[in-house]
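Below is protein_32.pdb, which holds PDB, N, CA and C atoms.
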ATOM      1  N   GLU A   1    -115.176 -14.900 -15.347
ATOM      2  CA  GLU A   1    -116.003 -13.718 -15.360
ATOM      3  C   GLU A   1    -117.452 -14.135 -15.544
ATOM      4  N   LYS A   2    -118.368 -13.482 -14.806
ATOM      5  CA  LYS A   2    -119.787 -13.811 -14.947
ATOM      6  C   LYS A   2    -120.315 -13.288 -16.268
ATOM      7  N   ILE A   3    -121.104 -14.126 -16.944
ATOM      8  CA  ILE A   3    -121.794 -13.690 -18.147
ATOM      9  C   ILE A   3    -123.280 -13.682 -17.863
ATOM     10  N   SER A   4    -124.027 -12.815 -18.543
ATOM     11  CA  SER A   4    -125.457 -12.710 -18.265
ATOM     12  C   SER A   4    -126.226 -12.432 -19.539
ATOM     13  N   GLY A   5    -127.541 -12.598 -19.464
ATOM     14  CA  GLY A   5    -128.415 -12.359 -20.597
ATOM     15  C   GLY A   5    -129.703 -13.136 -20.449
ATOM     16  N   GLN A   6    -130.429 -13.316 -21.550
ATOM     17  CA  GLN A   6    -131.716 -13.998 -21.542
ATOM     18  C   GLN A   6    -131.578 -15.516 -21.444
ATOM     19  N   ARG A   7    -130.729 -16.081 -22.316
ATOM     20  CA  ARG A   7    -130.610 -17.528 -22.405
ATOM     21  C   ARG A   7    -129.193 -17.873 -22.849
ATOM     22  N   CYS A   8    -128.685 -19.016 -22.369
ATOM     23  CA  CYS A   8    -127.316 -19.399 -22.688
ATOM     24  C   CYS A   8    -127.257 -20.884 -23.022
ATOM     25  N   GLY A   9    -126.527 -21.233 -24.065
ATOM     26  CA  GLY A   9    -126.289 -22.626 -24.420
ATOM     27  C   GLY A   9    -124.807 -22.825 -24.667
ATOM     28  N   GLN A  10    -124.206 -23.805 -24.006
ATOM     29  CA  GLN A  10    -122.794 -24.093 -24.175
ATOM     30  C   GLN A  10    -122.636 -25.571 -24.500
ATOM     31  N   GLU A  11    -121.675 -25.885 -25.375
ATOM     32  CA  GLU A  11    -121.491 -27.269 -25.781
ATOM     33  C   GLU A  11    -120.025 -27.528 -26.106
ATOM     34  N   SER A  12    -119.548 -28.726 -25.735
ATOM     35  CA  SER A  12    -118.189 -29.142 -26.044
ATOM     36  C   SER A  12    -118.199 -30.620 -26.407
ATOM     37  N   VAL A  13    -117.424 -30.998 -27.415
ATOM     38  CA  VAL A  13    -117.329 -32.410 -27.773
ATOM     39  C   VAL A  13    -116.277 -33.089 -26.905
ATOM     40  N   SER A  14    -115.116 -32.494 -26.792
ATOM     41  CA  SER A  14    -114.037 -33.093 -26.011
ATOM     42  C   SER A  14    -113.369 -32.007 -25.184
ATOM     43  N   GLY A  15    -113.844 -31.848 -23.966
ATOM     44  CA  GLY A  15    -113.277 -30.835 -23.083
ATOM     45  C   GLY A  15    -114.285 -30.423 -22.034
ATOM     46  N   SER A  16    -113.775 -29.918 -20.940
ATOM     47  CA  SER A  16    -114.625 -29.496 -19.834
ATOM     48  C   SER A  16    -115.211 -28.116 -20.091
ATOM     49  N   VAL A  17    -116.329 -27.825 -19.432
ATOM     50  CA  VAL A  17    -116.982 -26.522 -19.511
ATOM     51  C   VAL A  17    -117.077 -25.974 -18.088
ATOM     52  N   ASN A  18    -116.520 -24.780 -17.860
ATOM     53  CA  ASN A  18    -116.569 -24.106 -16.565
ATOM     54  C   ASN A  18    -117.162 -22.723 -16.772
ATOM     55  N   SER A  19    -118.289 -22.444 -16.093
ATOM     56  CA  SER A  19    -118.982 -21.170 -16.302
ATOM     57  C   SER A  19    -119.476 -20.572 -14.996
ATOM     58  N   GLU A  20    -119.394 -19.261 -14.893
ATOM     59  CA  GLU A  20    -120.050 -18.480 -13.853
ATOM     60  C   GLU A  20    -121.004 -17.574 -14.609
ATOM     61  N   LEU A  21    -122.316 -17.713 -14.348
ATOM     62  CA  LEU A  21    -123.266 -16.986 -15.186
ATOM     63  C   LEU A  21    -124.485 -16.482 -14.435
ATOM     64  N   CYS A  22    -125.230 -15.580 -15.094
ATOM     65  CA  CYS A  22    -126.477 -15.004 -14.593
ATOM     66  C   CYS A  22    -127.532 -15.109 -15.692
ATOM     67  N   PHE A  23    -128.086 -16.279 -15.892
ATOM     68  CA  PHE A  23    -129.149 -16.525 -16.862
ATOM     69  C   PHE A  23    -130.269 -17.253 -16.141
ATOM     70  N   ASP A  24    -131.512 -17.000 -16.501
ATOM     71  CA  ASP A  24    -132.585 -17.772 -15.881
ATOM     72  C   ASP A  24    -132.892 -19.049 -16.664
ATOM     73  N   ASP A  25    -132.320 -19.196 -17.860
ATOM     74  CA  ASP A  25    -132.501 -20.392 -18.685
ATOM     75  C   ASP A  25    -131.162 -20.702 -19.349
ATOM     76  N   PHE A  26    -130.599 -21.871 -19.066
ATOM     77  CA  PHE A  26    -129.321 -22.215 -19.677
ATOM     78  C   PHE A  26    -129.162 -23.726 -19.831
ATOM     79  N   SER A  27    -128.304 -24.099 -20.775
ATOM     80  CA  SER A  27    -127.990 -25.508 -20.985
ATOM     81  C   SER A  27    -126.494 -25.656 -21.231
ATOM     82  N   VAL A  28    -125.943 -26.756 -20.731
ATOM     83  CA  VAL A  28    -124.530 -27.064 -20.919
ATOM     84  C   VAL A  28    -124.451 -28.545 -21.253
ATOM     85  N   LYS A  29    -123.701 -28.865 -22.307
ATOM     86  CA  LYS A  29    -123.608 -30.248 -22.760
ATOM     87  C   LYS A  29    -122.182 -30.536 -23.195
ATOM     88  N   THR A  30    -121.650 -31.674 -22.758
ATOM     89  CA  THR A  30    -120.340 -32.108 -23.225
ATOM     90  C   THR A  30    -120.354 -33.619 -23.427
ATOM     91  N   THR A  31    -119.615 -34.077 -24.423
ATOM     92  CA  THR A  31    -119.521 -35.506 -24.681
ATOM     93  C   THR A  31    -118.461 -36.131 -23.778
ATOM     94  N   SER A  32    -117.296 -35.532 -23.724
ATOM     95  CA  SER A  32    -116.209 -36.064 -22.915
ATOM     96  C   SER A  32    -115.566 -34.928 -22.147
ATOM     97  N   GLY A  33    -115.989 -34.760 -20.907
ATOM     98  CA  GLY A  33    -115.450 -33.692 -20.078
ATOM     99  C   GLY A  33    -116.400 -33.368 -18.954
ATOM    100  N   SER A  34    -115.891 -32.717 -17.944
ATOM    101  CA  SER A  34    -116.701 -32.333 -16.798
ATOM    102  C   SER A  34    -117.395 -31.008 -17.042
ATOM    103  N   VAL A  35    -118.453 -30.769 -16.270
ATOM    104  CA  VAL A  35    -119.206 -29.521 -16.352
ATOM    105  C   VAL A  35    -119.269 -28.903 -14.961
ATOM    106  N   TYR A  36    -118.920 -27.618 -14.857
ATOM    107  CA  TYR A  36    -119.115 -26.846 -13.636
ATOM    108  C   TYR A  36    -119.852 -25.570 -14.029
ATOM    109  N   VAL A  37    -120.967 -25.300 -13.346
ATOM    110  CA  VAL A  37    -121.707 -24.062 -13.568
ATOM    111  C   VAL A  37    -121.989 -23.432 -12.212
ATOM    112  N   GLY A  38    -121.644 -22.153 -12.083
ATOM    113  CA  GLY A  38    -122.014 -21.359 -10.932
ATOM    114  C   GLY A  38    -123.130 -20.416 -11.362
ATOM    115  N   ALA A  39    -124.333 -20.596 -10.807
ATOM    116  CA  ALA A  39    -125.498 -19.771 -11.173
ATOM    117  C   ALA A  39    -125.690 -18.694 -10.106
ATOM    118  N   HIS A  40    -125.517 -17.427 -10.505
ATOM    119  CA  HIS A  40    -125.531 -16.309  -9.572
ATOM    120  C   HIS A  40    -126.877 -15.597  -9.486
ATOM    121  N   ASN A  41    -127.946 -16.251  -9.882
ATOM    122  CA  ASN A  41    -129.275 -15.649  -9.810
ATOM    123  C   ASN A  41    -130.309 -16.771  -9.689
ATOM    124  N   GLU A  42    -131.569 -16.397  -9.448
ATOM    125  CA  GLU A  42    -132.632 -17.403  -9.468
ATOM    126  C   GLU A  42    -132.785 -17.894 -10.898
ATOM    127  N   ILE A  43    -133.065 -19.180 -11.056
ATOM    128  CA  ILE A  43    -133.176 -19.755 -12.389
ATOM    129  C   ILE A  43    -134.591 -20.252 -12.647
ATOM    130  N   ARG A  44    -134.922 -20.320 -13.936
ATOM    131  CA  ARG A  44    -136.214 -20.859 -14.355
ATOM    132  C   ARG A  44    -136.038 -22.287 -14.847
ATOM    133  N   GLU A  45    -135.036 -22.494 -15.708
ATOM    134  CA  GLU A  45    -134.791 -23.821 -16.258
ATOM    135  C   GLU A  45    -133.309 -24.003 -16.556
ATOM    136  N   CYS A  46    -132.811 -25.222 -16.275
ATOM    137  CA  CYS A  46    -131.401 -25.540 -16.473
ATOM    138  C   CYS A  46    -131.286 -26.989 -16.923
ATOM    139  N   ARG A  47    -130.454 -27.216 -17.950
ATOM    140  CA  ARG A  47    -130.192 -28.563 -18.452
ATOM    141  C   ARG A  47    -128.687 -28.744 -18.540
ATOM    142  N   ILE A  48    -128.165 -29.764 -17.843
ATOM    143  CA  ILE A  48    -126.731 -30.040 -17.855
ATOM    144  C   ILE A  48    -126.545 -31.523 -18.129
ATOM    145  N   SER A  49    -125.674 -31.847 -19.108
ATOM    146  CA  SER A  49    -125.444 -33.261 -19.399
ATOM    147  C   SER A  49    -124.013 -33.507 -19.849
ATOM    148  N   SER A  50    -123.552 -34.721 -19.549
ATOM    149  CA  SER A  50    -122.234 -35.167 -19.972
ATOM    150  C   SER A  50    -122.299 -36.671 -20.196
ATOM    151  N   VAL A  51    -121.681 -37.144 -21.267
ATOM    152  CA  VAL A  51    -121.627 -38.585 -21.480
ATOM    153  C   VAL A  51    -120.564 -39.180 -20.561
ATOM    154  N   SER A  52    -119.404 -38.549 -20.512
ATOM    155  CA  SER A  52    -118.310 -39.057 -19.689
ATOM    156  C   SER A  52    -117.685 -37.904 -18.920
ATOM    157  N   GLY A  53    -118.187 -37.657 -17.724
ATOM    158  CA  GLY A  53    -117.639 -36.582 -16.904
ATOM    159  C   GLY A  53    -118.592 -36.191 -15.795
ATOM    160  N   ALA A  54    -118.052 -35.591 -14.760
ATOM    161  CA  ALA A  54    -118.835 -35.140 -13.619
ATOM    162  C   ALA A  54    -119.593 -33.859 -13.964
ATOM    163  N   CYS A  55    -120.730 -33.661 -13.303
ATOM    164  CA  CYS A  55    -121.540 -32.453 -13.485
ATOM    165  C   CYS A  55    -121.763 -31.804 -12.123
ATOM    166  N   MET A  56    -121.443 -30.508 -12.013
ATOM    167  CA  MET A  56    -121.651 -29.788 -10.764
ATOM    168  C   MET A  56    -122.349 -28.468 -11.036
ATOM    169  N   LEU A  57    -123.381 -28.189 -10.237
ATOM    170  CA  LEU A  57    -124.122 -26.931 -10.304
ATOM    171  C   LEU A  57    -124.053 -26.273  -8.939
ATOM    172  N   LYS A  58    -123.454 -25.089  -8.877
ATOM    173  CA  LYS A  58    -123.374 -24.306  -7.649
ATOM    174  C   LYS A  58    -124.442 -23.230  -7.718
ATOM    175  N   LEU A  59    -125.388 -23.266  -6.782
ATOM    176  CA  LEU A  59    -126.484 -22.302  -6.739
ATOM    177  C   LEU A  59    -126.191 -21.255  -5.674
ATOM    178  N   TYR A  60    -125.999 -20.021  -6.104
ATOM    179  CA  TYR A  60    -125.720 -18.955  -5.158
ATOM    180  C   TYR A  60    -126.999 -18.337  -4.589
ATOM    181  N   ASP A  61    -128.075 -18.266  -5.383
ATOM    182  CA  ASP A  61    -129.297 -17.588  -4.950
ATOM    183  C   ASP A  61    -130.559 -18.440  -5.029
ATOM    184  N   GLU A  62    -130.497 -19.626  -5.550
ATOM    185  CA  GLU A  62    -131.704 -20.436  -5.760
ATOM    186  C   GLU A  62    -131.914 -21.427  -4.624
ATOM    187  N   LYS A  63    -133.102 -21.418  -4.026
ATOM    188  CA  LYS A  63    -133.455 -22.351  -2.950
ATOM    189  C   LYS A  63    -134.712 -23.155  -3.274
ATOM    190  N   ASN A  64    -135.372 -22.846  -4.392
ATOM    191  CA  ASN A  64    -136.639 -23.484  -4.757
ATOM    192  C   ASN A  64    -136.499 -24.166  -6.107
ATOM    193  N   LEU A  65    -136.305 -25.482  -6.103
ATOM    194  CA  LEU A  65    -136.133 -26.146  -7.381
ATOM    195  C   LEU A  65    -136.623 -27.581  -7.358
ATOM    196  N   THR A  66    -136.940 -28.048  -8.550
ATOM    197  CA  THR A  66    -137.228 -29.450  -8.793
ATOM    198  C   THR A  66    -136.059 -29.972  -9.614
ATOM    199  N   ALA A  67    -135.321 -30.915  -9.056
ATOM    200  CA  ALA A  67    -134.136 -31.450  -9.717
ATOM    201  C   ALA A  67    -134.410 -32.876 -10.174
ATOM    202  N   ASN A  68    -134.278 -33.113 -11.467
ATOM    203  CA  ASN A  68    -134.384 -34.443 -12.037
ATOM    204  C   ASN A  68    -132.966 -34.833 -12.415
ATOM    205  N   VAL A  69    -132.383 -35.784 -11.679
ATOM    206  CA  VAL A  69    -130.965 -36.111 -11.844
ATOM    207  C   VAL A  69    -130.762 -37.602 -12.076
ATOM    208  N   SER A  70    -129.800 -37.936 -12.940
ATOM    209  CA  SER A  70    -129.490 -39.352 -13.157
ATOM    210  C   SER A  70    -128.028 -39.526 -13.552
ATOM    211  N   SER A  71    -127.447 -40.599 -13.028
ATOM    212  CA  SER A  71    -126.089 -40.995 -13.373
ATOM    213  C   SER A  71    -126.059 -42.516 -13.427
ATOM    214  N   VAL A  72    -125.538 -43.067 -14.506
ATOM    215  CA  VAL A  72    -125.467 -44.518 -14.637
ATOM    216  C   VAL A  72    -124.404 -45.077 -13.699
ATOM    217  N   SER A  73    -123.226 -44.449 -13.667
ATOM    218  CA  SER A  73    -122.154 -44.987 -12.827
ATOM    219  C   SER A  73    -121.436 -43.891 -12.059
ATOM    220  N   GLY A  74    -122.164 -43.199 -11.210
ATOM    221  CA  GLY A  74    -121.562 -42.151 -10.394
ATOM    222  C   GLY A  74    -122.504 -41.752  -9.280
ATOM    223  N   GLY A  75    -121.970 -41.174  -8.241
ATOM    224  CA  GLY A  75    -122.772 -40.735  -7.116
ATOM    225  C   GLY A  75    -123.552 -39.474  -7.424
ATOM    226  N   VAL A  76    -124.655 -39.285  -6.683
ATOM    227  CA  VAL A  76    -125.490 -38.099  -6.836
ATOM    228  C   VAL A  76    -125.685 -37.482  -5.458
ATOM    229  N   ASN A  77    -125.326 -36.196  -5.318
ATOM    230  CA  ASN A  77    -125.471 -35.496  -4.053
ATOM    231  C   ASN A  77    -126.066 -34.126  -4.307
ATOM    232  N   LEU A  78    -127.175 -33.822  -3.627
ATOM    233  CA  LEU A  78    -127.835 -32.532  -3.773
ATOM    234  C   LEU A  78    -127.976 -31.898  -2.399
ATOM    235  N   THR A  79    -127.495 -30.668  -2.261
ATOM    236  CA  THR A  79    -127.648 -29.910  -1.029
ATOM    237  C   THR A  79    -128.165 -28.534  -1.410
ATOM    238  N   VAL A  80    -129.404 -28.260  -1.003
ATOM    239  CA  VAL A  80    -130.043 -26.978  -1.309
ATOM    240  C   VAL A  80    -130.530 -26.397   0.010
ATOM    241  N   GLY A  81    -129.950 -25.280   0.406
ATOM    242  CA  GLY A  81    -130.272 -24.716   1.712
ATOM    243  C   GLY A  81    -129.869 -25.704   2.796
ATOM    244  N   ALA A  82    -130.799 -26.022   3.690
ATOM    245  CA  ALA A  82    -130.523 -26.971   4.770
ATOM    246  C   ALA A  82    -130.848 -28.410   4.379
ATOM    247  N   ALA A  83    -131.440 -28.617   3.208
ATOM    248  CA  ALA A  83    -131.846 -29.960   2.782
ATOM    249  C   ALA A  83    -130.742 -30.643   1.987
ATOM    250  N   SER A  84    -130.573 -31.942   2.237
ATOM    251  CA  SER A  84    -129.565 -32.714   1.526
ATOM    252  C   SER A  84    -130.160 -34.059   1.127
ATOM    253  N   VAL A  85    -129.909 -34.474  -0.121
ATOM    254  CA  VAL A  85    -130.439 -35.724  -0.661
ATOM    255  C   VAL A  85    -129.328 -36.413  -1.447
ATOM    256  N   ASN A  86    -129.260 -37.729  -1.350
ATOM    257  CA  ASN A  86    -128.350 -38.525  -2.160
ATOM    258  C   ASN A  86    -129.181 -39.467  -3.016
ATOM    259  N   GLY A  87    -128.827 -39.611  -4.271
ATOM    260  CA  GLY A  87    -129.513 -40.565  -5.138
ATOM    261  C   GLY A  87    -130.198 -39.916  -6.317
ATOM    262  N   LYS A  88    -130.268 -40.706  -7.397
ATOM    263  CA  LYS A  88    -130.905 -40.201  -8.616
ATOM    264  C   LYS A  88    -132.418 -40.164  -8.460
ATOM    265  N   GLY A  89    -133.063 -39.474  -9.396
ATOM    266  CA  GLY A  89    -134.517 -39.357  -9.371
ATOM    267  C   GLY A  89    -134.958 -37.913  -9.424
ATOM    268  N   ASN A  90    -136.188 -37.690  -9.005
ATOM    269  CA  ASN A  90    -136.803 -36.373  -9.005
ATOM    270  C   ASN A  90    -136.883 -35.880  -7.560
ATOM    271  N   HIS A  91    -136.283 -34.735  -7.255
ATOM    272  CA  HIS A  91    -136.232 -34.209  -5.899
ATOM    273  C   HIS A  91    -136.732 -32.769  -5.903
ATOM    274  N   VAL A  92    -137.594 -32.433  -4.941
ATOM    275  CA  VAL A  92    -138.170 -31.087  -4.859
ATOM    276  C   VAL A  92    -137.646 -30.392  -3.608
ATOM    277  N   PHE A  93    -137.187 -29.157  -3.790
ATOM    278  CA  PHE A  93    -136.710 -28.320  -2.695
ATOM    279  C   PHE A  93    -137.542 -27.046  -2.688
ATOM    280  N   GLY A  94    -138.018 -26.649  -1.512
ATOM    281  CA  GLY A  94    -138.837 -25.448  -1.397
ATOM    282  C   GLY A  94    -140.084 -25.558  -2.251
ATOM    283  N   THR A  95    -140.382 -24.503  -3.017
ATOM    284  CA  THR A  95    -141.575 -24.497  -3.866
ATOM    285  C   THR A  95    -141.387 -25.290  -5.160
ATOM    286  N   GLY A  96    -140.151 -25.622  -5.493
ATOM    287  CA  GLY A  96    -139.879 -26.416  -6.698
ATOM    288  C   GLY A  96    -140.019 -25.660  -7.998
ATOM    289  N   LYS A  97    -140.029 -24.318  -7.955
ATOM    290  CA  LYS A  97    -140.329 -23.541  -9.168
ATOM    291  C   LYS A  97    -139.257 -23.630 -10.256
ATOM    292  N   ALA A  98    -137.993 -23.683  -9.901
ATOM    293  CA  ALA A  98    -136.922 -23.801 -10.901
ATOM    294  C   ALA A  98    -136.806 -25.257 -11.335
ATOM    295  N   LYS A  99    -136.640 -25.488 -12.614
ATOM    296  CA  LYS A  99    -136.532 -26.854 -13.151
ATOM    297  C   LYS A  99    -135.086 -27.128 -13.543
ATOM    298  N   VAL A 100    -134.493 -28.150 -12.921
ATOM    299  CA  VAL A 100    -133.116 -28.524 -13.187
ATOM    300  C   VAL A 100    -133.079 -29.977 -13.648
ATOM    301  N   ASN A 101    -132.508 -30.226 -14.814
ATOM    302  CA  ASN A 101    -132.298 -31.581 -15.329
ATOM    303  C   ASN A 101    -130.808 -31.784 -15.509
ATOM    304  N   MET A 102    -130.265 -32.785 -14.833
ATOM    305  CA  MET A 102    -128.842 -33.097 -14.945
ATOM    306  C   MET A 102    -128.684 -34.590 -15.153
ATOM    307  N   ASN A 103    -127.844 -34.970 -16.128
ATOM    308  CA  ASN A 103    -127.584 -36.391 -16.311
ATOM    309  C   ASN A 103    -126.193 -36.614 -16.870
ATOM    310  N   THR A 104    -125.656 -37.764 -16.499
ATOM    311  CA  THR A 104    -124.370 -38.203 -17.005
ATOM    312  C   THR A 104    -124.377 -39.727 -17.073
ATOM    313  N   VAL A 105    -123.668 -40.270 -18.005
ATOM    314  CA  VAL A 105    -123.560 -41.719 -18.108
ATOM    315  C   VAL A 105    -122.460 -42.196 -17.161
ATOM    316  N   SER A 106    -121.303 -41.566 -17.241
ATOM    317  CA  SER A 106    -120.158 -41.976 -16.432
ATOM    318  C   SER A 106    -119.592 -40.775 -15.706
ATOM    319  N   GLY A 107    -120.061 -40.544 -14.502
ATOM    320  CA  GLY A 107    -119.590 -39.408 -13.715
ATOM    321  C   GLY A 107    -120.562 -39.103 -12.597
ATOM    322  N   SER A 108    -120.123 -38.288 -11.665
ATOM    323  CA  SER A 108    -120.961 -37.921 -10.525
ATOM    324  C   SER A 108    -121.743 -36.647 -10.814
ATOM    325  N   ILE A 109    -122.774 -36.435  -9.995
ATOM    326  CA  ILE A 109    -123.596 -35.213 -10.079
ATOM    327  C   ILE A 109    -123.631 -34.571  -8.711
ATOM    328  N   LYS A 110    -123.440 -33.250  -8.691
ATOM    329  CA  LYS A 110    -123.509 -32.526  -7.431
ATOM    330  C   LYS A 110    -124.219 -31.198  -7.654
ATOM    331  N   ILE A 111    -125.172 -30.904  -6.776
ATOM    332  CA  ILE A 111    -125.820 -29.595  -6.721
ATOM    333  C   ILE A 111    -125.632 -29.091  -5.307
ATOM    334  N   CYS A 112    -125.150 -27.860  -5.183
ATOM    335  CA  CYS A 112    -124.984 -27.290  -3.853
ATOM    336  C   CYS A 112    -125.196 -25.779  -3.908
TER     337      CYS A 112
END
For this file, write the structure as structure tokens.
Amino acid sequence: EKISGQRCGQESVSGSVNSELCFDDFSVKTTSGSVYVGAHNEIRECRISSVSGACMLKLYDEKNLTANVSSVSGGVNLTVGAASVNGKGNHVFGTGKAKVNMNTVSGSIKIC
């Protein structure tokens, strides 16, 4: 079920986090587990991290973002609109107004 409001923070020590939400500012953090977030609105700022697990952000309405992504031992794939990029670093799509930071030590990162 979609949840909405001003700001959202989710955290897990041992377990995956799966969310469908409508927040313009949110953070998700897990120590051991994967993260999946479906964002159903334009976002202002997003922080997603996992020590051991994959991180995926599904953007339903956002096409303008600056994504700062890093993974020590996993692939990185970003597809925003018609643009697609592979690799860690700082990537700008459209106007770059939304700020997305995603990192994992052991796991892949995907934004689509």
Query raised in the report: For the file shown, what are the residues hit by the PyMOL selection byres (((chain A and resi 6 and name CA) around 7) and name CA), laid out as a ChimeraX atom specification?
Result: /A:5,7,23-24
Report task. Do a neighbour search on His40 (chain A) at 8 Å with all atoms listed in the file, toss out local chain neighbours closer than 6 positions, and write the hits as a count of residues only. Result -> 9
Query - Contact residues around region 9-13 of chain A with all atoms listed in the file at 8 Å, ignoring same-chain residues under 6 positions, as a VMD selection string - result: chain A and resid 25 to 33
**Report entry** Point-to-point distance from CA of Ser84 (chain A) to CA of Arg47 (chain A), Å rounded to tenths
**Finding:** 20.4 Å
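Take the PyMOL selection byres (((chain A and resi 99 and name CA) around 8) and name CA) and apply it to this file: it picks Ile43, Arg44, Glu45, Cys46, Leu65, Thr66, Ala67, Asn68, Gly96, Lys97, Ala98, Val100 and Asn101 of chain A.
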Requested in this report: Given the file shown, determine the residues that the PyMOL selection byres ((chain A and resi 52) around 8) selects; report them as JSON, numbers by chain.
Outcome: {"A": [30, 31, 32, 33, 34, 35, 49, 50, 51, 53, 54, 55, 103, 104, 105, 106, 107, 108]}
Query - Residue neighbourhood Ser70 (chain A), 8 Å, only C-alpha atoms, exclusion window fewer than 4 positions, as a ChimeraX atom specification - result: /A:76,88-89,102-104,109
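For the pair CA of Ile3 (chain A) and atom N of Val17 (chain A), the interatomic distance is 15.2 Å.
Taking only N, CA and C atoms into account, Gly94 (chain A) lies nearest to A:Asn64 out of the set A:Asn64, A:Ser19, A:Lys2, A:Ala82.
The space separating atom N of Ile111 (chain A) from atom N of Ser16 (chain A) comes to 18.2 Å.
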Could you pull region 62-93 of chain A out of the structure I just pasted and write it to a file containing C-alpha atoms, as a CSV table (one decimal), in the first residue's frame?
chain,number,residue,atom,x,y,z
A,62,GLU,CA,10.5,11.7,-11.6
A,63,LYS,CA,12.6,12.5,-14.7
A,64,ASN,CA,14.9,15.3,-13.4
A,65,LEU,CA,17.5,14.1,-10.9
A,66,THR,CA,21.1,14.1,-9.8
A,67,ALA,CA,22.1,10.6,-8.7
A,68,ASN,CA,25.2,10.1,-6.6
A,69,VAL,CA,25.6,6.3,-6.5
A,70,SER,CA,28.3,3.9,-5.3
A,71,SER,CA,28.7,0.2,-4.8
A,72,VAL,CA,32.0,-1.5,-3.7
A,73,SER,CA,31.2,-4.9,-5.2
A,74,GLY,CA,28.1,-4.7,-7.4
A,75,GLY,CA,26.8,-3.3,-10.6
A,76,VAL,CA,25.2,0.1,-11.0
A,77,ASN,CA,22.5,0.7,-13.6
A,78,LEU,CA,20.4,3.9,-14.0
A,79,THR,CA,17.7,4.4,-16.5
A,80,VAL,CA,15.7,7.6,-16.3
A,81,GLY,CA,13.4,8.4,-19.2
A,82,ALA,CA,15.3,7.6,-22.4
A,83,ALA,CA,18.7,8.0,-20.7
A,84,SER,CA,20.7,5.0,-19.4
A,85,VAL,CA,24.0,5.0,-17.5
A,86,ASN,CA,26.1,2.2,-16.0
A,87,GLY,CA,28.7,2.9,-13.3
A,88,LYS,CA,29.1,4.6,-10.0
A,89,GLY,CA,29.6,8.3,-9.6
A,90,ASN,CA,27.5,11.4,-10.0
A,91,HIS,CA,25.0,11.4,-12.9
A,92,VAL,CA,22.6,14.2,-13.9
A,93,PHE,CA,19.3,13.5,-15.7
